[in-house]
Amino acid sequence: MKNNKFSKALKAHERLYYNALFNYCRDYFNISDDVMIQLKFKKPTVGTFGSINLNQDENIVKIINFKDFNINGGNIIHEFTHIKQKLNHEIYIEKVNRRYVIFWNGEPYISHSKYMKAKDAEYYAFPWEVEAYENMKLLSDFHQSVYLRELKGKNPTLDYMFDNDFF
């Protein structure tokens with residue numbers, strides 16, 4: 001199970017699916033098995049489906065649980081992209097002159113307060129978001145991968161989903 005941590009409240013088929021997706025993302029983004037990555041579900045909020053925290057050492061993928069593997073899977077890949085960016089120090093946040101600044105590839109990019117006030121068009125143009133939204137397309141690759149396919153025969157709910165083309 002590598003170093004993935006999931007809620008005990010997840011059903012067996014959900015735990016299997018998310019673990020396979022985490023392992024796919026770890027390998028795709030070259031994230032060491034030594035790095036603990038946790039999935040948490042958060043309450044719906046306006047304008048955000050998921051998040052990670054750049055300020056903390058913990059690597060927690062927080063998403064809204066839509067009870068839909070396609071939506072949740074895409075959101076997990078999106079947030080995994082940010083985990084990869086954080087671990088590779090492509091994106092980070094630092095306090096500069098009493099305000100927090102988001103750095104991208106070693107250069108100050110935008111103050112955290114301006115980032116939090118960004119309108120949709122500006123938000124979608126941030127380079128870290130462009131990469132994360134582009135990577136959401138990887139879900140179809142995951143659904144055809146050995147990571148998911150090796151779950152056949154391990155859970156009746158997943159077997160039903162395989163048999164009925166949910167993936």
# chains A, B, ... in the order shown; residues from 1 in each chain; ligands from 1
$ residues_around --residues "stretch 51-61 of chain A" --least-positions-apart "3" --cutoff "6 Å" --atoms "only C-alpha atoms" --output "mmCIF file with C-alpha atoms, in the first residue's frame"
data_model
loop_
_atom_site.group_PDB
_atom_site.id
_atom_site.type_symbol
_atom_site.label_atom_id
_atom_site.label_comp_id
_atom_site.auth_asym_id
_atom_site.auth_seq_id
_atom_site.Cartn_x
_atom_site.Cartn_y
_atom_site.Cartn_z
ATOM 1 C CA ILE A 37 0.363 11.167 1.474
ATOM 2 C CA GLN A 38 -3.054 11.281 3.043
ATOM 3 C CA LEU A 39 -6.526 11.639 1.519
#
$ residues_around --residues "stretch 3-10 of chain A" --least-positions-apart "5" --cutoff "9 Å" --atoms "only C-alpha atoms" --output "PDB file with N, CA and C atoms, in the first residue's frame"
ATOM      1  N   ARG A  15     -11.418   2.260  -0.916  1.00  0.00           N
ATOM      2  CA  ARG A  15     -10.034   2.192  -0.431  1.00  0.00           C
ATOM      3  C   ARG A  15      -9.125   1.563  -1.491  1.00  0.00           C
ATOM      4  N   TYR A  18      -8.824   4.152  -4.513  1.00  0.00           N
ATOM      5  CA  TYR A  18      -7.993   5.320  -4.209  1.00  0.00           C
ATOM      6  C   TYR A  18      -6.544   4.931  -3.973  1.00  0.00           C
ATOM      7  N   ASN A  19      -6.295   3.780  -3.378  1.00  0.00           N
ATOM      8  CA  ASN A  19      -4.921   3.335  -3.198  1.00  0.00           C
ATOM      9  C   ASN A  19      -4.251   3.091  -4.554  1.00  0.00           C
ATOM     10  N   PHE A  22      -3.542   6.506  -6.025  1.00  0.00           N
ATOM     11  CA  PHE A  22      -2.393   7.120  -5.357  1.00  0.00           C
ATOM     12  C   PHE A  22      -1.093   6.496  -5.851  1.00  0.00           C
ATOM     13  N   ASN A  23      -1.064   5.170  -5.976  1.00  0.00           N
ATOM     14  CA  ASN A  23       0.154   4.500  -6.439  1.00  0.00           C
ATOM     15  C   ASN A  23       0.487   4.883  -7.877  1.00  0.00           C
ATOM     16  N   SER A  32       8.458   9.470  -4.017  1.00  0.00           N
ATOM     17  CA  SER A  32       9.003   8.354  -3.252  1.00  0.00           C
ATOM     18  C   SER A  32       7.940   7.680  -2.377  1.00  0.00           C
ATOM     19  N   ASP A  33       8.104   6.372  -2.226  1.00  0.00           N
ATOM     20  CA  ASP A  33       7.223   5.618  -1.328  1.00  0.00           C
ATOM     21  C   ASP A  33       7.405   6.047   0.120  1.00  0.00           C
ATOM     22  N   ASP A  34       8.521   6.686   0.434  1.00  0.00           N
ATOM     23  CA  ASP A  34       8.779   7.138   1.798  1.00  0.00           C
ATOM     24  C   ASP A  34       7.918   8.330   2.200  1.00  0.00           C
ATOM     25  N   VAL A  35       7.392   9.047   1.228  1.00  0.00           N
ATOM     26  CA  VAL A  35       6.589  10.242   1.496  1.00  0.00           C
ATOM     27  C   VAL A  35       5.170   9.824   1.850  1.00  0.00           C
ATOM     28  N   MET A  36       4.724  10.197   3.051  1.00  0.00           N
ATOM     29  CA  MET A  36       3.354   9.913   3.472  1.00  0.00           C
ATOM     30  C   MET A  36       2.410  10.885   2.757  1.00  0.00           C
ATOM     31  N   ILE A  37       1.387  10.337   2.113  1.00  0.00           N
ATOM     32  CA  ILE A  37       0.363  11.167   1.474  1.00  0.00           C
ATOM     33  C   ILE A  37      -0.983  10.671   1.962  1.00  0.00           C
ATOM     34  N   GLN A  38      -1.780  11.598   2.422  1.00  0.00           N
ATOM     35  CA  GLN A  38      -3.054  11.281   3.043  1.00  0.00           C
ATOM     36  C   GLN A  38      -4.199  11.874   2.235  1.00  0.00           C
ATOM     37  N   LEU A  39      -5.302  11.142   2.156  1.00  0.00           N
ATOM     38  CA  LEU A  39      -6.526  11.639   1.519  1.00  0.00           C
ATOM     39  C   LEU A  39      -7.508  12.010   2.606  1.00  0.00           C
ATOM     40  N   LYS A  40      -8.014  13.232   2.538  1.00  0.00           N
ATOM     41  CA  LYS A  40      -9.067  13.687   3.444  1.00  0.00           C
ATOM     42  C   LYS A  40     -10.181  14.276   2.603  1.00  0.00           C
ATOM     43  N   PHE A  41     -11.389  14.081   3.058  1.00  0.00           N
ATOM     44  CA  PHE A  41     -12.537  14.683   2.400  1.00  0.00           C
ATOM     45  C   PHE A  41     -12.946  15.916   3.173  1.00  0.00           C
TER      46      PHE A  41
END
$ atom_distance --atom1 "atom CA of A:Phe166" --atom2 "atom CA of A:Cys25"
20.0 Å
$ select_by_dssp --residues "stretch 62-149 of chain A" --states "helix (DSSP H, G or I)" --output "mmCIF file with N, CA, C and O atoms, in the first residue's frame"
data_model
loop_
_atom_site.group_PDB
_atom_site.id
_atom_site.type_symbol
_atom_site.label_atom_id
_atom_site.label_comp_id
_atom_site.auth_asym_id
_atom_site.auth_seq_id
_atom_site.Cartn_x
_atom_site.Cartn_y
_atom_site.Cartn_z
ATOM 1 N N PHE A 69 -16.162 8.296 -8.770
ATOM 2 C CA PHE A 69 -14.748 8.052 -8.998
ATOM 3 C C PHE A 69 -14.171 8.944 -10.089
ATOM 4 O O PHE A 69 -12.992 9.298 -10.039
ATOM 5 N N ASN A 70 -14.947 9.306 -11.083
ATOM 6 C CA ASN A 70 -14.416 10.160 -12.152
ATOM 7 C C ASN A 70 -14.131 11.568 -11.652
ATOM 8 O O ASN A 70 -13.068 12.127 -11.935
ATOM 9 N N ILE A 71 -15.055 12.141 -10.910
ATOM 10 C CA ILE A 71 -14.842 13.496 -10.385
ATOM 11 C C ILE A 71 -13.749 13.472 -9.328
ATOM 12 O O ILE A 71 -12.799 14.252 -9.382
ATOM 13 N N ASN A 72 -13.874 12.576 -8.361
ATOM 14 C CA ASN A 72 -12.868 12.505 -7.298
ATOM 15 C C ASN A 72 -11.492 12.157 -7.854
ATOM 16 O O ASN A 72 -10.490 12.729 -7.427
ATOM 17 N N GLY A 73 -11.448 11.229 -8.801
ATOM 18 C CA GLY A 73 -10.172 10.829 -9.382
ATOM 19 C C GLY A 73 -9.468 11.980 -10.070
ATOM 20 O O GLY A 73 -8.264 12.188 -9.889
ATOM 21 N N GLY A 74 -10.208 12.745 -10.866
ATOM 22 C CA GLY A 74 -9.626 13.916 -11.518
ATOM 23 C C GLY A 74 -9.127 14.934 -10.511
ATOM 24 O O GLY A 74 -8.029 15.502 -10.674
ATOM 25 N N ASN A 75 -9.903 15.142 -9.448
ATOM 26 C CA ASN A 75 -9.490 16.092 -8.417
ATOM 27 C C ASN A 75 -8.255 15.604 -7.661
ATOM 28 O O ASN A 75 -7.383 16.402 -7.310
ATOM 29 N N ILE A 76 -8.165 14.299 -7.431
ATOM 30 C CA ILE A 76 -6.984 13.754 -6.759
ATOM 31 C C ILE A 76 -5.750 13.947 -7.630
ATOM 32 O O ILE A 76 -4.692 14.374 -7.142
ATOM 33 N N ILE A 77 -5.852 13.665 -8.917
ATOM 34 C CA ILE A 77 -4.708 13.874 -9.818
ATOM 35 C C ILE A 77 -4.304 15.345 -9.835
ATOM 36 O O ILE A 77 -3.110 15.678 -9.808
ATOM 37 N N HIS A 78 -5.279 16.224 -9.861
ATOM 38 C CA HIS A 78 -5.017 17.665 -9.823
ATOM 39 C C HIS A 78 -4.192 18.010 -8.576
ATOM 40 O O HIS A 78 -3.153 18.674 -8.666
ATOM 41 N N GLU A 79 -4.653 17.554 -7.412
ATOM 42 C CA GLU A 79 -3.966 17.883 -6.162
ATOM 43 C C GLU A 79 -2.621 17.158 -6.051
ATOM 44 O O GLU A 79 -1.680 17.694 -5.479
ATOM 45 N N PHE A 80 -2.518 15.958 -6.610
ATOM 46 C CA PHE A 80 -1.231 15.260 -6.639
ATOM 47 C C PHE A 80 -0.212 16.060 -7.444
ATOM 48 O O PHE A 80 0.983 16.050 -7.120
ATOM 49 N N THR A 81 -0.662 16.727 -8.492
ATOM 50 C CA THR A 81 0.238 17.586 -9.264
ATOM 51 C C THR A 81 0.830 18.650 -8.341
ATOM 52 O O THR A 81 2.033 18.922 -8.390
ATOM 53 N N HIS A 82 0.000 19.237 -7.488
ATOM 54 C CA HIS A 82 0.486 20.256 -6.554
ATOM 55 C C HIS A 82 1.422 19.647 -5.505
ATOM 56 O O HIS A 82 2.408 20.288 -5.119
ATOM 57 N N ILE A 83 1.147 18.418 -5.070
ATOM 58 C CA ILE A 83 2.061 17.738 -4.139
ATOM 59 C C ILE A 83 3.429 17.569 -4.816
ATOM 60 O O ILE A 83 4.474 17.862 -4.228
ATOM 61 N N LYS A 84 3.414 17.125 -6.071
ATOM 62 C CA LYS A 84 4.664 16.973 -6.829
ATOM 63 C C LYS A 84 5.375 18.316 -6.936
ATOM 64 O O LYS A 84 6.586 18.422 -6.715
ATOM 65 N N GLN A 85 4.623 19.378 -7.253
ATOM 66 C CA GLN A 85 5.218 20.710 -7.378
ATOM 67 C C GLN A 85 5.836 21.151 -6.047
ATOM 68 O O GLN A 85 6.923 21.723 -6.020
ATOM 69 N N LYS A 86 5.122 20.875 -4.961
ATOM 70 C CA LYS A 86 5.605 21.240 -3.631
ATOM 71 C C LYS A 86 6.870 20.453 -3.280
ATOM 72 O O LYS A 86 7.867 21.032 -2.843
ATOM 73 N N LEU A 87 6.845 19.141 -3.484
ATOM 74 C CA LEU A 87 7.999 18.304 -3.127
ATOM 75 C C LEU A 87 9.230 18.627 -3.971
ATOM 76 O O LEU A 87 10.360 18.532 -3.485
ATOM 77 N N HIS A 112 0.161 35.925 -1.540
ATOM 78 C CA HIS A 112 -0.886 34.974 -1.169
ATOM 79 C C HIS A 112 -2.244 35.675 -1.102
ATOM 80 O O HIS A 112 -3.253 35.121 -1.526
ATOM 81 N N SER A 113 -2.278 36.898 -0.601
ATOM 82 C CA SER A 113 -3.562 37.612 -0.502
ATOM 83 C C SER A 113 -4.148 37.888 -1.883
ATOM 84 O O SER A 113 -5.358 37.750 -2.093
ATOM 85 N N LYS A 114 -3.315 38.261 -2.864
ATOM 86 C CA LYS A 114 -3.820 38.471 -4.228
ATOM 87 C C LYS A 114 -4.261 37.150 -4.848
ATOM 88 O O LYS A 114 -5.245 37.091 -5.575
ATOM 89 N N TYR A 115 -3.502 36.092 -4.565
ATOM 90 C CA TYR A 115 -3.878 34.767 -5.068
ATOM 91 C C TYR A 115 -5.272 34.366 -4.570
ATOM 92 O O TYR A 115 -6.090 33.877 -5.337
ATOM 93 N N MET A 116 -5.529 34.616 -3.301
ATOM 94 C CA MET A 116 -6.813 34.233 -2.709
ATOM 95 C C MET A 116 -7.968 35.066 -3.282
ATOM 96 O O MET A 116 -9.116 34.639 -3.217
ATOM 97 N N ASP A 120 -11.636 33.935 -11.726
ATOM 98 C CA ASP A 120 -11.491 32.657 -12.441
ATOM 99 C C ASP A 120 -10.462 32.714 -13.563
ATOM 100 O O ASP A 120 -9.587 31.847 -13.645
ATOM 101 N N ALA A 121 -10.538 33.702 -14.423
ATOM 102 C CA ALA A 121 -9.631 33.768 -15.573
ATOM 103 C C ALA A 121 -8.178 33.832 -15.125
ATOM 104 O O ALA A 121 -7.306 33.167 -15.700
ATOM 105 N N GLU A 122 -7.910 34.627 -14.103
ATOM 106 C CA GLU A 122 -6.541 34.730 -13.593
ATOM 107 C C GLU A 122 -6.116 33.420 -12.920
ATOM 108 O O GLU A 122 -5.005 32.934 -13.137
ATOM 109 N N TYR A 123 -7.002 32.839 -12.119
ATOM 110 C CA TYR A 123 -6.708 31.589 -11.414
ATOM 111 C C TYR A 123 -6.324 30.479 -12.394
ATOM 112 O O TYR A 123 -5.332 29.793 -12.202
ATOM 113 N N TYR A 124 -7.115 30.301 -13.427
ATOM 114 C CA TYR A 124 -6.849 29.230 -14.393
ATOM 115 C C TYR A 124 -5.570 29.467 -15.198
ATOM 116 O O TYR A 124 -5.055 28.547 -15.813
ATOM 117 N N ALA A 125 -5.036 30.690 -15.181
ATOM 118 C CA ALA A 125 -3.809 31.007 -15.913
ATOM 119 C C ALA A 125 -2.548 30.835 -15.069
ATOM 120 O O ALA A 125 -1.441 30.868 -15.615
ATOM 121 N N PRO A 127 0.512 29.206 -13.654
ATOM 122 C CA PRO A 127 1.199 28.070 -14.278
ATOM 123 C C PRO A 127 1.044 26.756 -13.511
ATOM 124 O O PRO A 127 0.952 25.692 -14.124
ATOM 125 N N TRP A 128 0.988 26.809 -12.194
ATOM 126 C CA TRP A 128 0.806 25.582 -11.416
ATOM 127 C C TRP A 128 -0.587 25.010 -11.615
ATOM 128 O O TRP A 128 -0.771 23.797 -11.586
ATOM 129 N N GLU A 129 -1.563 25.872 -11.864
ATOM 130 C CA GLU A 129 -2.930 25.402 -12.125
ATOM 131 C C GLU A 129 -3.056 24.885 -13.558
ATOM 132 O O GLU A 129 -3.749 23.898 -13.800
ATOM 133 N N VAL A 130 -2.395 25.531 -14.499
ATOM 134 C CA VAL A 130 -2.423 25.052 -15.889
ATOM 135 C C VAL A 130 -1.924 23.606 -15.925
ATOM 136 O O VAL A 130 -2.559 22.730 -16.522
ATOM 137 N N GLU A 131 -0.804 23.352 -15.261
ATOM 138 C CA GLU A 131 -0.254 21.992 -15.224
ATOM 139 C C GLU A 131 -1.216 21.023 -14.540
ATOM 140 O O GLU A 131 -1.453 19.912 -15.025
ATOM 141 N N ALA A 132 -1.791 21.431 -13.417
ATOM 142 C CA ALA A 132 -2.679 20.540 -12.657
ATOM 143 C C ALA A 132 -3.954 20.218 -13.439
ATOM 144 O O ALA A 132 -4.407 19.067 -13.439
ATOM 145 N N TYR A 133 -4.535 21.210 -14.101
ATOM 146 C CA TYR A 133 -5.749 20.944 -14.893
ATOM 147 C C TYR A 133 -5.429 20.066 -16.096
ATOM 148 O O TYR A 133 -6.207 19.190 -16.452
ATOM 149 N N GLU A 134 -4.284 20.283 -16.712
ATOM 150 C CA GLU A 134 -3.879 19.446 -17.837
ATOM 151 C C GLU A 134 -3.710 17.994 -17.389
ATOM 152 O O GLU A 134 -4.119 17.066 -18.078
ATOM 153 N N ASN A 135 -3.125 17.801 -16.225
ATOM 154 C CA ASN A 135 -2.881 16.448 -15.731
ATOM 155 C C ASN A 135 -4.153 15.690 -15.362
ATOM 156 O O ASN A 135 -4.126 14.458 -15.284
ATOM 157 N N LEU A 138 -5.101 12.578 -17.139
ATOM 158 C CA LEU A 138 -4.448 11.296 -16.857
ATOM 159 C C LEU A 138 -5.413 10.258 -16.293
ATOM 160 O O LEU A 138 -5.085 9.066 -16.263
ATOM 161 N N LEU A 139 -6.586 10.684 -15.859
ATOM 162 C CA LEU A 139 -7.540 9.738 -15.284
ATOM 163 C C LEU A 139 -7.885 8.628 -16.266
ATOM 164 O O LEU A 139 -7.972 7.454 -15.879
ATOM 165 N N SER A 140 -8.057 8.955 -17.538
ATOM 166 C CA SER A 140 -8.384 7.908 -18.515
ATOM 167 C C SER A 140 -7.212 6.939 -18.679
ATOM 168 O O SER A 140 -7.427 5.732 -18.861
ATOM 169 N N ASP A 141 -5.986 7.430 -18.588
ATOM 170 C CA ASP A 141 -4.821 6.547 -18.633
ATOM 171 C C ASP A 141 -4.819 5.623 -17.413
ATOM 172 O O ASP A 141 -4.563 4.426 -17.536
ATOM 173 N N PHE A 142 -5.100 6.175 -16.246
ATOM 174 C CA PHE A 142 -5.178 5.357 -15.029
ATOM 175 C C PHE A 142 -6.241 4.271 -15.178
ATOM 176 O O PHE A 142 -6.019 3.124 -14.802
ATOM 177 N N HIS A 143 -7.389 4.624 -15.745
ATOM 178 C CA HIS A 143 -8.476 3.654 -15.882
ATOM 179 C C HIS A 143 -8.134 2.514 -16.837
ATOM 180 O O HIS A 143 -8.769 1.463 -16.792
ATOM 181 N N VAL A 146 -2.540 -0.942 -15.430
ATOM 182 C CA VAL A 146 -2.418 -2.143 -14.604
ATOM 183 C C VAL A 146 -2.740 -1.810 -13.142
ATOM 184 O O VAL A 146 -3.192 -2.682 -12.403
ATOM 185 N N TYR A 147 -2.533 -0.571 -12.720
ATOM 186 C CA TYR A 147 -2.822 -0.172 -11.346
ATOM 187 C C TYR A 147 -4.286 -0.455 -10.999
ATOM 188 O O TYR A 147 -4.584 -0.955 -9.922
ATOM 189 N N LEU A 148 -5.182 -0.113 -11.933
ATOM 190 C CA LEU A 148 -6.603 -0.362 -11.702
ATOM 191 C C LEU A 148 -6.975 -1.784 -12.104
ATOM 192 O O LEU A 148 -7.680 -2.475 -11.367
ATOM 193 N N ARG A 149 -6.502 -2.226 -13.251
ATOM 194 C CA ARG A 149 -6.890 -3.543 -13.774
ATOM 195 C C ARG A 149 -6.508 -4.687 -12.837
ATOM 196 O O ARG A 149 -7.181 -5.711 -12.806
#
$ select_by_dssp --residues "stretch 5-156 of chain A" --states "strand (DSSP E)" --output "MDAnalysis selection string"
chainID A and resid 5 37:42 50:51 60:64 91:96 99:104 107:111
$ atom_distance --atom1 "atom CA of A:Lys137" --atom2 "atom CA of A:Asn164"
21.6 Å
$ closest_residue --among "A:Ser145, A:Ile91, A:Phe126, A:Lys42" --to "A:Leu21" --atoms "only C-alpha atoms"
A:Ser145
$ atom_distance --atom1 "atom CA of A:Tyr160" --atom2 "atom CA of A:Pro44"
28.9 Å
$ closest_residue --among "A:Leu16, A:Ile64, A:Ile31, A:Ile110" --to "A:Leu151" --atoms "only C-alpha atoms"
A:Leu16
$ closest_residue --among "A:Lys2, A:His89, A:Lys154, A:Lys117" --to "A:Trp104" --atoms "only C-alpha atoms"
A:His89
$ decode --residues "stretch 96-156 of chain A" --atoms "C-alpha atoms" --output "compact mmCIF listing (two decimals), in the first residue's frame"
# COMPACT_ATOMS: atom_id res chain seq x y z
CA VAL A 96 8.65 38.41 2.49
CA ASN A 97 8.41 41.84 4.15
CA ARG A 98 5.56 40.76 6.45
CA ARG A 99 3.45 39.22 3.67
CA TYR A 100 3.30 35.76 2.21
CA VAL A 101 4.42 35.32 -1.38
CA ILE A 102 3.91 32.32 -3.63
CA PHE A 103 7.05 31.42 -5.53
CA TRP A 104 7.02 29.52 -8.82
CA ASN A 105 10.26 27.96 -10.04
CA GLY A 106 12.30 30.05 -7.62
CA GLU A 107 10.77 33.40 -8.59
CA PRO A 108 8.21 35.43 -6.61
CA TYR A 109 4.96 35.10 -8.53
CA ILE A 110 2.06 36.56 -6.54
CA SER A 111 1.24 37.51 -2.98
CA HIS A 112 -0.89 34.97 -1.17
CA SER A 113 -3.56 37.61 -0.50
CA LYS A 114 -3.82 38.47 -4.23
CA TYR A 115 -3.88 34.77 -5.07
CA MET A 116 -6.81 34.23 -2.71
CA LYS A 117 -8.71 37.08 -4.43
CA ALA A 118 -7.97 35.98 -8.00
CA LYS A 119 -10.88 35.82 -10.41
CA ASP A 120 -11.49 32.66 -12.44
CA ALA A 121 -9.63 33.77 -15.57
CA GLU A 122 -6.54 34.73 -13.59
CA TYR A 123 -6.71 31.59 -11.41
CA TYR A 124 -6.85 29.23 -14.39
CA ALA A 125 -3.81 31.01 -15.91
CA PHE A 126 -1.50 30.43 -12.93
CA PRO A 127 1.20 28.07 -14.28
CA TRP A 128 0.81 25.58 -11.42
CA GLU A 129 -2.93 25.40 -12.12
CA VAL A 130 -2.42 25.05 -15.89
CA GLU A 131 -0.25 21.99 -15.22
CA ALA A 132 -2.68 20.54 -12.66
CA TYR A 133 -5.75 20.94 -14.89
CA GLU A 134 -3.88 19.45 -17.84
CA ASN A 135 -2.88 16.45 -15.73
CA MET A 136 -6.50 15.70 -14.86
CA LYS A 137 -6.64 14.06 -18.30
CA LEU A 138 -4.45 11.30 -16.86
CA LEU A 139 -7.54 9.74 -15.28
CA SER A 140 -8.38 7.91 -18.51
CA ASP A 141 -4.82 6.55 -18.63
CA PHE A 142 -5.18 5.36 -15.03
CA HIS A 143 -8.48 3.65 -15.88
CA GLN A 144 -6.67 1.63 -18.57
CA SER A 145 -3.62 0.94 -16.42
CA VAL A 146 -2.42 -2.14 -14.60
CA TYR A 147 -2.82 -0.17 -11.35
CA LEU A 148 -6.60 -0.36 -11.70
CA ARG A 149 -6.89 -3.54 -13.77
CA GLU A 150 -5.05 -5.60 -11.14
CA LEU A 151 -8.01 -4.97 -8.82
CA LYS A 152 -10.23 -7.26 -10.90
CA GLY A 153 -11.37 -10.16 -8.75
CA LYS A 154 -10.46 -8.44 -5.48
CA ASN A 155 -13.81 -6.85 -4.65
CA PRO A 156 -17.37 -7.61 -5.83
